[in-house]
file upload01.txt (compact mmCIF, C-alpha atoms)
# COMPACT_ATOMS: atom_id res chain seq x y z
CA MET S 1 54.31 73.61 100.26
CA TYR S 2 53.28 70.21 98.95
CA PHE S 3 54.77 67.28 100.87
CA PHE S 4 54.75 63.51 101.21
CA ASP S 5 54.65 61.72 104.53
CA PRO S 6 56.55 58.57 103.55
CA HIS S 7 55.83 56.70 106.78
CA VAL S 8 52.57 57.14 108.65
CA HIS S 9 50.18 54.52 110.04
CA MET S 10 46.93 56.11 109.00
CA ILE S 11 44.94 52.99 109.88
CA SER S 12 45.39 54.21 113.48
CA ARG S 13 44.29 57.75 112.73
CA VAL S 14 40.91 59.35 112.13
CA THR S 15 39.68 60.73 108.82
CA ASP S 16 40.05 64.25 110.23
CA ASP S 17 43.82 63.67 110.30
CA TYR S 18 43.84 63.04 106.54
CA GLU S 19 41.90 66.26 106.15
CA ARG S 20 44.27 68.27 108.38
CA MET S 21 47.31 66.83 106.59
CA ALA S 22 45.83 67.69 103.20
CA ARG S 23 45.10 71.25 104.31
CA MET S 24 48.75 71.59 105.35
CA GLY S 25 49.96 70.45 101.92
CA CYS S 26 50.12 66.67 102.14
CA VAL S 27 49.54 65.14 98.72
CA GLY S 28 50.63 61.57 99.40
CA ILE S 29 51.51 59.14 102.15
CA SER S 30 52.98 55.68 102.36
CA GLU S 31 51.82 53.34 105.08
CA PRO S 32 54.00 50.41 106.19
CA ALA S 33 52.49 47.36 107.83
CA PHE S 34 53.20 47.44 111.56
CA TRP S 35 52.34 46.13 115.01
CA ALA S 36 48.72 46.64 116.03
CA GLY S 37 49.51 46.99 119.74
CA PHE S 38 48.84 43.29 120.27
CA ASP S 39 50.16 40.14 118.61
CA ARG S 40 47.76 38.92 115.93
CA GLY S 41 46.77 35.30 116.16
CA SER S 42 46.46 34.04 112.61
CA VAL S 43 47.45 34.55 109.00
CA ASP S 44 43.83 35.48 108.26
CA GLY S 45 44.17 38.38 110.69
CA PHE S 46 47.02 39.68 108.53
CA ARG S 47 45.08 39.00 105.33
CA ASP S 48 42.28 41.25 106.59
CA TYR S 49 44.85 43.88 107.67
CA PHE S 50 46.44 43.87 104.21
CA ARG S 51 43.00 44.24 102.61
CA GLN S 52 42.41 47.30 104.77
CA LEU S 53 45.82 48.74 103.83
CA THR S 54 45.40 48.14 100.10
CA GLU S 55 41.67 48.67 99.61
CA PHE S 56 39.94 50.83 102.21
CA GLU S 57 42.77 53.17 103.25
CA PRO S 58 43.42 54.40 99.69
CA THR S 59 39.70 55.13 99.42
CA ARG S 60 39.58 56.94 102.76
CA ALA S 61 42.72 58.96 101.91
CA GLY S 62 41.14 59.90 98.60
CA TRP S 63 38.27 61.63 100.38
CA SER S 64 40.81 64.32 101.33
CA GLY S 65 42.70 64.20 98.05
CA VAL S 66 45.66 62.33 99.56
CA GLN S 67 47.23 59.59 97.42
CA HIS S 68 47.87 56.46 99.50
CA TYR S 69 50.57 53.80 99.12
CA SER S 70 51.42 50.82 101.30
CA TRP S 71 54.07 48.28 102.33
CA LEU S 72 53.47 44.71 103.49
CA CYS S 73 55.17 42.49 106.08
CA ILE S 74 54.88 41.05 109.56
CA ASN S 75 56.47 43.40 112.07
CA ALA S 76 59.64 42.45 113.97
CA LYS S 77 57.71 42.56 117.24
CA GLU S 78 55.75 39.52 116.04
CA ALA S 79 58.77 37.66 114.62
CA GLU S 80 59.19 35.59 117.77
CA ASN S 81 56.28 33.56 116.41
CA VAL S 82 58.35 32.14 113.58
CA GLU S 83 55.65 29.78 112.33
CA LEU S 84 53.07 32.55 111.95
CA SER S 85 55.68 34.87 110.45
CA ARG S 86 56.43 32.31 107.75
CA GLU S 87 52.72 31.88 106.99
CA VAL S 88 52.37 35.65 106.58
CA ILE S 89 55.46 35.90 104.35
CA ALA S 90 54.04 33.11 102.19
CA MET S 91 50.71 34.98 101.93
CA ILE S 92 52.12 38.43 101.06
CA PRO S 93 52.42 37.72 97.29
CA GLU S 94 48.59 37.58 97.14
CA PHE S 95 48.73 41.38 97.54
CA LEU S 96 51.84 42.32 95.58
CA ASP S 97 49.91 43.16 92.43
CA LYS S 98 47.50 45.51 94.25
CA PRO S 99 47.69 49.15 93.13
CA GLY S 100 49.81 51.30 95.39
CA VAL S 101 51.77 48.51 97.08
CA LEU S 102 55.36 49.77 97.03
CA GLY S 103 57.17 46.78 98.48
CA ILE S 104 58.12 44.89 101.65
CA GLY S 105 58.11 46.82 104.91
CA GLU S 106 58.56 47.90 107.51
CA ILE S 107 60.80 44.93 108.23
CA GLY S 108 63.73 45.03 110.61
CA LEU S 109 64.66 44.33 114.19
CA ASN S 110 63.13 45.25 117.52
CA LYS S 111 65.17 43.59 120.29
CA ASN S 112 67.86 42.22 117.96
CA THR S 113 67.03 38.56 118.66
CA PRO S 114 67.95 35.50 116.58
CA ASN S 115 64.30 34.94 115.59
CA GLU S 116 63.99 38.53 114.42
CA CYS S 117 67.11 38.02 112.28
CA THR S 118 65.66 34.85 110.78
CA ILE S 119 62.41 36.53 109.78
CA PHE S 120 64.21 39.64 108.55
CA ARG S 121 66.33 37.54 106.19
CA GLU S 122 63.25 35.68 104.94
CA HIS S 123 61.51 38.98 104.18
CA VAL S 124 64.60 40.13 102.27
CA GLU S 125 64.55 36.84 100.36
CA LEU S 126 60.93 37.49 99.38
CA ALA S 127 61.76 41.03 98.26
CA MET S 128 64.67 39.79 96.14
CA ARG S 129 62.58 37.02 94.59
CA THR S 130 59.77 39.42 93.67
CA ASN S 131 61.97 42.47 92.89
CA GLU S 132 60.36 44.70 95.51
CA LEU S 133 61.58 47.83 97.26
CA ILE S 134 62.35 47.38 100.98
CA LEU S 135 61.43 49.69 103.86
CA ILE S 136 63.32 49.00 107.09
CA HIS S 137 62.40 49.67 110.70
CA THR S 138 65.37 50.15 113.03
CA PRO S 139 65.02 49.49 116.77
CA HIS S 140 64.33 51.99 119.50
CA LEU S 141 66.59 53.63 122.08
CA ASP S 142 69.46 51.47 123.41
CA ASP S 143 68.84 48.78 120.78
CA LYS S 144 69.05 51.12 117.78
CA TYR S 145 72.80 51.36 117.16
CA LYS S 146 73.48 47.64 117.46
CA GLY S 147 70.29 46.76 115.57
CA THR S 148 71.00 49.14 112.71
CA ARG S 149 74.49 47.74 112.30
CA MET S 150 73.12 44.18 112.35
CA ILE S 151 70.54 45.11 109.70
CA VAL S 152 73.21 46.63 107.46
CA ASP S 153 75.38 43.54 107.99
CA MET S 154 72.52 41.25 106.94
CA LEU S 155 71.71 43.35 103.86
CA LEU S 156 75.35 43.28 102.79
CA GLU S 157 75.35 39.47 103.10
CA ASP S 158 73.15 39.31 99.99
CA ASP S 159 74.73 40.37 96.70
CA ARG S 160 71.29 40.79 95.15
CA VAL S 161 70.40 43.69 97.47
CA ASP S 162 70.73 47.05 95.71
CA PRO S 163 71.14 49.73 98.42
CA GLY S 164 69.40 52.21 96.13
CA ARG S 165 66.22 50.14 96.52
CA VAL S 166 66.33 50.02 100.33
CA LEU S 167 65.14 52.73 102.73
CA ILE S 168 66.47 52.51 106.31
CA ASP S 169 64.07 54.35 108.58
CA HIS S 170 64.20 55.98 112.02
CA VAL S 171 67.85 56.99 111.64
CA GLU S 172 69.30 59.39 114.20
CA GLU S 173 72.67 61.05 114.82
CA HIS S 174 74.50 57.78 115.51
CA THR S 175 72.98 55.68 112.71
CA VAL S 176 72.46 58.01 109.75
CA GLY S 177 76.09 57.58 108.65
CA LEU S 178 75.80 53.77 108.75
CA ALA S 179 72.96 53.88 106.23
CA ARG S 180 74.44 56.49 103.93
CA GLU S 181 77.97 55.08 103.78
CA GLU S 182 76.66 51.93 102.13
CA GLY S 183 74.45 53.82 99.67
CA PHE S 184 71.06 53.14 101.28
CA TRP S 185 68.26 55.67 101.38
CA CYS S 186 67.31 56.76 104.87
CA ALA S 187 64.56 58.56 106.74
CA MET S 188 64.23 60.41 110.01
CA THR S 189 61.13 60.06 112.13
CA LEU S 190 59.76 63.17 113.83
CA TYR S 191 58.41 61.63 116.99
CA PRO S 192 57.99 62.91 120.51
CA VAL S 193 60.66 61.89 123.06
CA THR S 194 62.02 58.69 121.51
CA LYS S 195 63.12 59.73 118.02
CA CYS S 196 64.01 63.01 116.22
CA THR S 197 62.69 66.47 116.83
CA PRO S 198 62.27 68.73 113.79
CA SER S 199 65.29 70.71 114.97
CA ARG S 200 67.56 67.65 115.30
CA ALA S 201 66.39 66.38 111.93
CA ALA S 202 67.35 69.75 110.42
CA ASP S 203 70.75 69.49 112.14
CA ILE S 204 71.29 66.07 110.57
CA ILE S 205 70.44 67.48 107.13
CA GLU S 206 72.99 70.23 107.68
CA MET S 207 75.64 67.68 108.64
CA TYR S 208 74.91 64.93 106.10
CA GLY S 209 73.26 66.73 103.18
CA ASP S 210 69.90 66.29 101.50
CA ASP S 211 70.57 63.40 99.11
CA ARG S 212 68.80 60.06 99.66
CA ILE S 213 67.10 61.27 102.84
CA MET S 214 63.53 62.13 103.85
CA VAL S 215 61.46 62.82 106.96
CA ASN S 216 58.25 61.28 108.25
CA SER S 217 55.86 61.49 111.18
CA ALA S 218 55.37 57.74 111.74
CA GLY S 219 52.02 58.83 113.17
CA ASP S 220 50.35 55.81 114.77
CA TRP S 221 48.16 54.76 117.70
CA GLY S 222 50.68 56.04 120.28
CA PRO S 223 51.67 59.61 121.12
CA SER S 224 52.60 60.98 117.69
CA ASN S 225 51.83 63.85 115.36
CA PRO S 226 50.72 63.23 111.77
CA THR S 227 51.45 66.86 110.93
CA ALA S 228 55.09 66.70 112.06
CA VAL S 229 56.46 67.09 108.51
CA PRO S 230 55.08 70.65 108.30
CA ASP S 231 56.85 71.34 111.62
CA PHE S 232 60.10 70.27 109.93
CA ILE S 233 59.33 72.52 106.95
CA MET S 234 58.87 75.46 109.33
CA GLU S 235 62.16 74.67 111.09
CA LEU S 236 64.07 74.79 107.80
CA ARG S 237 62.35 78.04 106.83
CA ARG S 238 63.42 79.57 110.16
CA ARG S 239 66.98 78.57 109.26
CA GLY S 240 66.74 80.47 105.99
CA ARG S 241 66.52 77.52 103.64
CA ALA S 242 65.19 78.05 100.13
CA GLU S 243 61.83 76.50 99.32
CA SER S 244 63.48 74.38 96.60
CA GLN S 245 65.88 72.87 99.15
CA ILE S 246 63.03 72.00 101.51
CA LYS S 247 60.93 70.57 98.70
CA LYS S 248 63.72 68.21 97.74
CA ILE S 249 63.55 66.53 101.17
CA VAL S 250 59.79 66.45 101.73
CA TYR S 251 58.54 65.90 98.18
CA ASP S 252 61.16 65.13 95.51
CA ASN S 253 63.14 62.54 97.45
CA PRO S 254 60.18 60.33 98.44
CA ILE S 255 58.91 60.41 94.85
CA GLU S 256 62.37 59.50 93.51
CA PHE S 257 62.67 56.52 95.86
CA PHE S 258 59.08 55.31 95.40
CA SER S 259 59.52 55.49 91.63
CA GLY S 260 61.61 52.35 91.96
CA SER S 261 58.32 50.49 92.30
CA GLU S 262 56.42 49.81 89.09
CA ARG S 263 53.18 50.24 91.06
CA PHE S 264 53.97 53.82 92.10
CA GLU S 265 51.53 55.83 90.04
CA PHE S 266 51.43 59.39 91.29
CA THR S 267 49.38 62.28 89.97
CA PRO S 268 51.15 65.62 90.62
CA PRO S 269 49.04 68.11 92.56
CA ASP S 270 48.86 70.59 89.68
CA VAL S 271 46.85 68.08 87.63
CA PHE S 272 45.25 66.05 90.44
CA ARG S 273 41.46 65.92 90.53
CA PHE S 274 39.46 64.62 93.47
CA PRO S 275 37.89 61.22 92.85
CA GLU S 276 34.19 61.37 92.04
CA ASN S 277 33.29 59.47 95.20
CA ALA S 278 35.25 61.87 97.39
CA SER S 279 33.07 62.66 100.37
CA ALA S 280 33.64 63.41 104.00
CA GLY S 281 30.05 62.49 104.71
CA VAL S 282 30.45 58.71 104.81
CA ASP S 283 29.25 57.41 108.13
CA ALA S 284 31.61 55.11 110.00
CA GLU S 285 28.77 53.45 111.89
CA MET F 1 74.17 71.58 103.07
CA GLU F 2 75.97 73.37 105.87
CA SER F 3 74.30 75.96 108.05
CA ILE F 4 73.77 79.23 106.27
CA GLN F 5 73.38 81.10 109.55
CA SER F 6 76.24 82.55 111.58
CA ALA F 7 77.04 81.14 115.01
CA THR F 8 75.65 84.30 116.60
CA GLU F 9 72.38 83.97 114.71
CA VAL F 10 72.01 80.33 115.71
CA PHE F 11 72.94 81.03 119.33
CA ASP F 12 70.41 83.83 119.52
CA GLN F 13 67.81 81.44 118.11
CA VAL F 14 68.52 78.55 120.52
CA TYR F 15 69.57 80.41 123.69
CA LEU F 16 66.21 80.27 125.44
CA ASP F 17 65.74 76.62 124.45
CA LEU F 18 69.16 75.81 125.93
CA ARG F 19 68.31 77.69 129.11
CA ALA F 20 64.98 75.90 129.38
CA GLY F 21 66.61 72.53 128.72
CA LEU F 22 69.16 73.10 131.48
CA LEU F 23 66.37 73.97 133.88
CA VAL F 24 64.49 70.78 133.00
CA LEU F 25 67.66 68.78 133.69
CA ALA F 26 68.32 70.59 136.95
CA ALA F 27 64.77 70.36 138.23
CA SER F 28 64.46 66.68 137.31
CA LEU F 29 67.68 65.77 139.13
CA ASP F 30 66.62 67.90 142.12
CA ARG F 31 63.31 66.08 142.23
CA VAL F 32 65.03 62.69 142.29
CA ASP F 33 67.42 63.83 145.01
CA ARG F 34 64.62 65.21 147.18
CA CYS F 35 62.96 61.83 147.44
CA GLU F 36 63.50 59.15 150.03
CA GLY F 37 66.05 56.60 148.81
CA SER F 38 67.84 59.04 146.55
CA GLU F 39 71.21 57.73 147.74
CA ARG F 40 70.47 54.40 146.06
CA ILE F 41 70.03 56.08 142.69
CA GLY F 42 73.77 56.70 142.71
CA GLU F 43 74.22 52.95 142.24
CA ASP F 44 71.90 52.86 139.23
CA LEU F 45 73.79 52.47 135.93
CA ARG F 46 71.30 54.82 134.29
CA ARG F 47 72.25 57.60 136.73
CA GLU F 48 75.89 57.00 135.91
CA ARG F 49 75.08 57.36 132.23
CA ILE F 50 73.33 60.67 132.91
CA ASP F 51 76.53 61.94 134.57
CA GLN F 52 78.56 60.74 131.59
CA GLY F 53 76.14 62.51 129.27
CA LEU F 54 76.52 65.73 131.24
CA ALA F 55 80.30 65.41 130.89
CA ILE F 56 79.89 65.09 127.11
CA LEU F 57 77.72 68.22 127.12
CA ALA F 58 80.37 70.16 129.03
CA ALA F 59 83.14 69.21 126.61
CA ALA F 60 83.99 70.98 123.36
CA GLY F 61 83.08 69.44 120.01
CA VAL F 62 80.60 69.32 117.17
CA ASN F 63 79.18 65.82 117.62
CA ARG F 64 77.91 65.81 121.20
CA ALA F 65 74.50 64.50 120.14
CA GLU F 66 76.08 61.50 118.39
CA GLN F 67 78.32 60.83 121.40
CA ILE F 68 75.33 60.84 123.74
CA GLN F 69 73.41 58.53 121.40
CA VAL F 70 76.32 56.07 121.46
CA LEU F 71 76.58 56.37 125.25
CA PHE F 72 72.98 55.19 125.54
CA SER F 73 73.44 52.32 123.05
CA ASP F 74 74.02 48.61 123.51
CA PRO F 75 77.45 47.47 122.32
CA TYR F 76 77.89 45.96 118.85
CA THR F 77 80.38 43.27 117.87
CA PRO F 78 81.55 43.31 114.24
CA GLY F 79 81.42 39.92 112.58
CA TRP F 80 78.49 38.69 114.69
CA ASN F 81 76.87 37.20 111.58
CA THR F 82 79.89 35.21 110.45
CA SER F 83 79.89 32.94 113.51
CA ALA F 84 78.58 29.35 113.48
CA SER F 85 75.16 30.47 114.70
CA PRO F 86 73.84 33.16 112.38
CA GLY F 87 71.51 35.47 114.20
CA ASP F 88 73.10 35.16 117.63
CA ASP F 89 72.99 38.42 119.48
CA ALA F 90 75.94 40.71 118.87

call {"tool": "encode", "arguments": {"input": "upload01.txt", "output": "structure tokens"}}
result
Amino acid sequence: MYFFDPHVHMISRVTDDYERMARMGCVGISEPAFWAGFDRGSVDGFRDYFRQLTEFEPTRAGWSGVQHYSWLCINAKEAENVELSREVIAMIPEFLDKPGVLGIGEIGLNKNTPNECTIFREHVELAMRTNELILIHTPHLDDKYKGTRMIVDMLLEDDRVDPGRVLIDHVEEHTVGLAREEGFWCAMTLYPVTKCTPSRAADIIEMYGDDRIMVNSAGDWGPSNPTAVPDFIMELRRRGRAESQIKKIVYDNPIEFFSGSERFEFTPPDVFRFPENASAGVDAE
Amino acid sequence: MESIQSATEVFDQVYLDLRAGLLVLAASLDRVDRCEGSERIGEDLRRERIDQGLAILAAAGVNRAEQIQVLFSDPYTPGWNTSASPGDDA
């Protein structure tokens, strides 16, 4: 089955992961800007990061026939440096006309602090001013419920925010309803220990339905699995779900949401042709 | 999109996972209690939460997972963003 991974940090993964994902049916991914594992020191550090996201990663993904899209922001973990955050937000428009940039993300909260709220609101302001889609990170573990409610509260403060153009990510049993009640899109992350298992994600689908919802691996530099979406597909098959029902969640829904961006140009797999420069033989050193 | 399997089918499918999960719980708590200083763990709020989570598991219902998620969540105060200091912690 063809699938999208709508949230995976491929910059942290090796080219072999693109290849394995493609062999398992992955035809497209979207990659939000995130925390590198350390706080970056300057706006130029982010400028280089955004160049990598918008220039080199699409090329590297193309070697395996995977279509690559991206989101831009400064992550909530770095929002405590308000001055740098504002410099990055001011610089983001340099990249908003790059092919494959879907919007602003993953913005959100981490520890639910006042500075994080300030920078979240300023990201939302940028997205409203430039008419971009928004991808939202919700906090981890004990902070998630409170943080998700605070995020929804802040989004509802702004009459310009159309919930149909906002994707709230990393929802679990106690937060999926918060997102869906207000009309937002949402996504579940299939992540070892701290987020959803494929089985729990399937349970949530059974309880809340398959509209405006998707699943992702959020594969990154930590313990994670970039082929988690196929695990979810297998779980639904074991439960007797029709292929068309599974496809809606892992393929149709991401495409429907991403289509809200004018820069989402997707070639369906039945007509896709590998780029002429596609080659796994490019040396990294 | 409700389950299309019967309760018996689902139970057959998850029984060994449930059994294994219970054993992980039991063995982990045994391991803590075998160690020196285990009596102090009883004063740890996290241990209390584990007991509360076990009580949720033992009760009837169809939203135990959500209840356990809320148990392990920081409290939220509605209206936090309408105070004089926007962005203050809820």

call {"tool": "residues_around", "arguments": {"input": "upload01.txt", "residues": "region 12-19 of chain F", "least_positions_apart": "6", "cutoff": "12 Å", "atoms": "all atoms listed in the file", "output": "VMD selection string"}}
result
(chain S and resid 199 235 238 to 239) or (chain F and resid 5 to 6 25 to 26 57)

call {"tool": "closest_atom_pairs", "arguments": {"input": "upload01.txt", "of": "chain S", "to": "chain F", "cutoff": "7 Å", "atoms": "all atoms listed in the file", "output": "CSV"}}
result
residue,atom,partner,partner_atom,distance
S:Asn112,CA,F:Asp89,CA,6.6
S:Thr113,CA,F:Asp89,CA,6.0
S:Pro114,CA,F:Gly87,CA,4.3
S:Cys117,CA,F:Gly87,CA,5.4
S:Thr118,CA,F:Gly87,CA,6.8
S:Asp142,CA,F:Ser73,CA,4.1
S:Asp143,CA,F:Asp74,CA,5.9
S:Lys144,CA,F:Ser73,CA,7.0
S:Tyr145,CA,F:Ser73,CA,6.0
S:Lys146,CA,F:Tyr76,CA,4.9
S:Glu173,CA,F:Glu66,CA,5.0
S:His174,CA,F:Glu66,CA,5.0
S:Ile205,CA,F:Met1,CA,6.9
S:Glu206,CA,F:Glu2,CA,4.7
S:Met207,CA,F:Glu2,CA,6.3
S:Gly209,CA,F:Met1,CA,4.9
S:Asp210,CA,F:Met1,CA,7.0
S:Arg239,CA,F:Gln5,CA,6.9

call {"tool": "residues_near_point", "arguments": {"input": "upload01.txt", "point": "(52.9, 57.8, 115.1)", "cutoff": "12 Å", "atoms": "all atoms listed in the file", "output": "VMD selection string"}}
result
chain S and resid 5 7 to 13 17 31 to 32 34 to 36 170 189 to 195 216 to 229

call {"tool": "closest_residue", "arguments": {"input": "upload01.txt", "among": "S:Asn115, S:Thr59, S:Thr138, S:Ser30", "to": "Glu78 (chain S)", "atoms": "all atoms listed in the file"}}
result
S:Asn115

call {"tool": "atom_distance", "arguments": {"input": "upload01.txt", "atom1": "CA of Cys35 (chain F)", "atom2": "CA of Ala20 (chain F)"}}
result
23.0 Å

call {"tool": "residues_around", "arguments": {"input": "upload01.txt", "residues": "region 98-109 of chain S", "least_positions_apart": "3", "cutoff": "7 Å", "atoms": "only C-alpha atoms", "output": "PyMOL selection string"}}
result
chain S and resi 32-34+54+68-73+75-76+95+112+116+120+127+132-139+147+151+258+261+263-264

call {"tool": "closest_residue", "arguments": {"input": "upload01.txt", "among": "S:Val166, S:Ala90, S:Ala278, S:Asp39", "to": "Pro58 (chain S)", "atoms": "only C-alpha atoms"}}
result
S:Ala278

call {"tool": "axis_aligned_box", "arguments": {"input": "upload01.txt", "around": "region 3-19 of chain S", "padding_each_side": "4 Å", "output": "JSON"}}
result
{"center_x": 48.1, "center_y": 60.1, "center_z": 107.2, "size_x": 24.9, "size_y": 22.3, "size_z": 20.6}

call {"tool": "atom_distance", "arguments": {"input": "upload01.txt", "atom1": "CA of Tyr2 (chain S)", "atom2": "CA of Ser244 (chain S)"}}
result
11.3 Å

call {"tool": "atom_distance", "arguments": {"input": "upload01.txt", "atom1": "CA of Ile89 (chain S)", "atom2": "CA of Asp169 (chain S)"}}
result
20.8 Å

call {"tool": "closest_residue", "arguments": {"input": "upload01.txt", "among": "S:Gly240, S:Ala284, S:Pro275, S:Asp211", "to": "Glu256 (chain S)", "atoms": "only C-alpha atoms"}}
result
S:Asp211

call {"tool": "residues_around", "arguments": {"input": "upload01.txt", "residues": "Leu84 (chain S)", "least_positions_apart": "6", "cutoff": "10 Å", "atoms": "all atoms listed in the file", "output": "ChimeraX atom specification"}}
result
/S:40-43,46,74,78,90

call {"tool": "write_last_selection", "arguments": {"input": "upload01.txt", "atoms": "C-alpha atoms", "output": "short mmCIF file (atom, residue, chain, number, x, y, z; two decimals), in the frame of the given file"}}
result
data_model
loop_
_atom_site.label_atom_id
_atom_site.label_comp_id
_atom_site.auth_asym_id
_atom_site.auth_seq_id
_atom_site.Cartn_x
_atom_site.Cartn_y
_atom_site.Cartn_z
CA ARG S 40 47.76 38.92 115.93
CA GLY S 41 46.77 35.30 116.16
CA SER S 42 46.46 34.04 112.61
CA VAL S 43 47.45 34.55 109.00
CA PHE S 46 47.02 39.68 108.53
CA ILE S 74 54.88 41.05 109.56
CA GLU S 78 55.75 39.52 116.04
CA ALA S 90 54.04 33.11 102.19
#
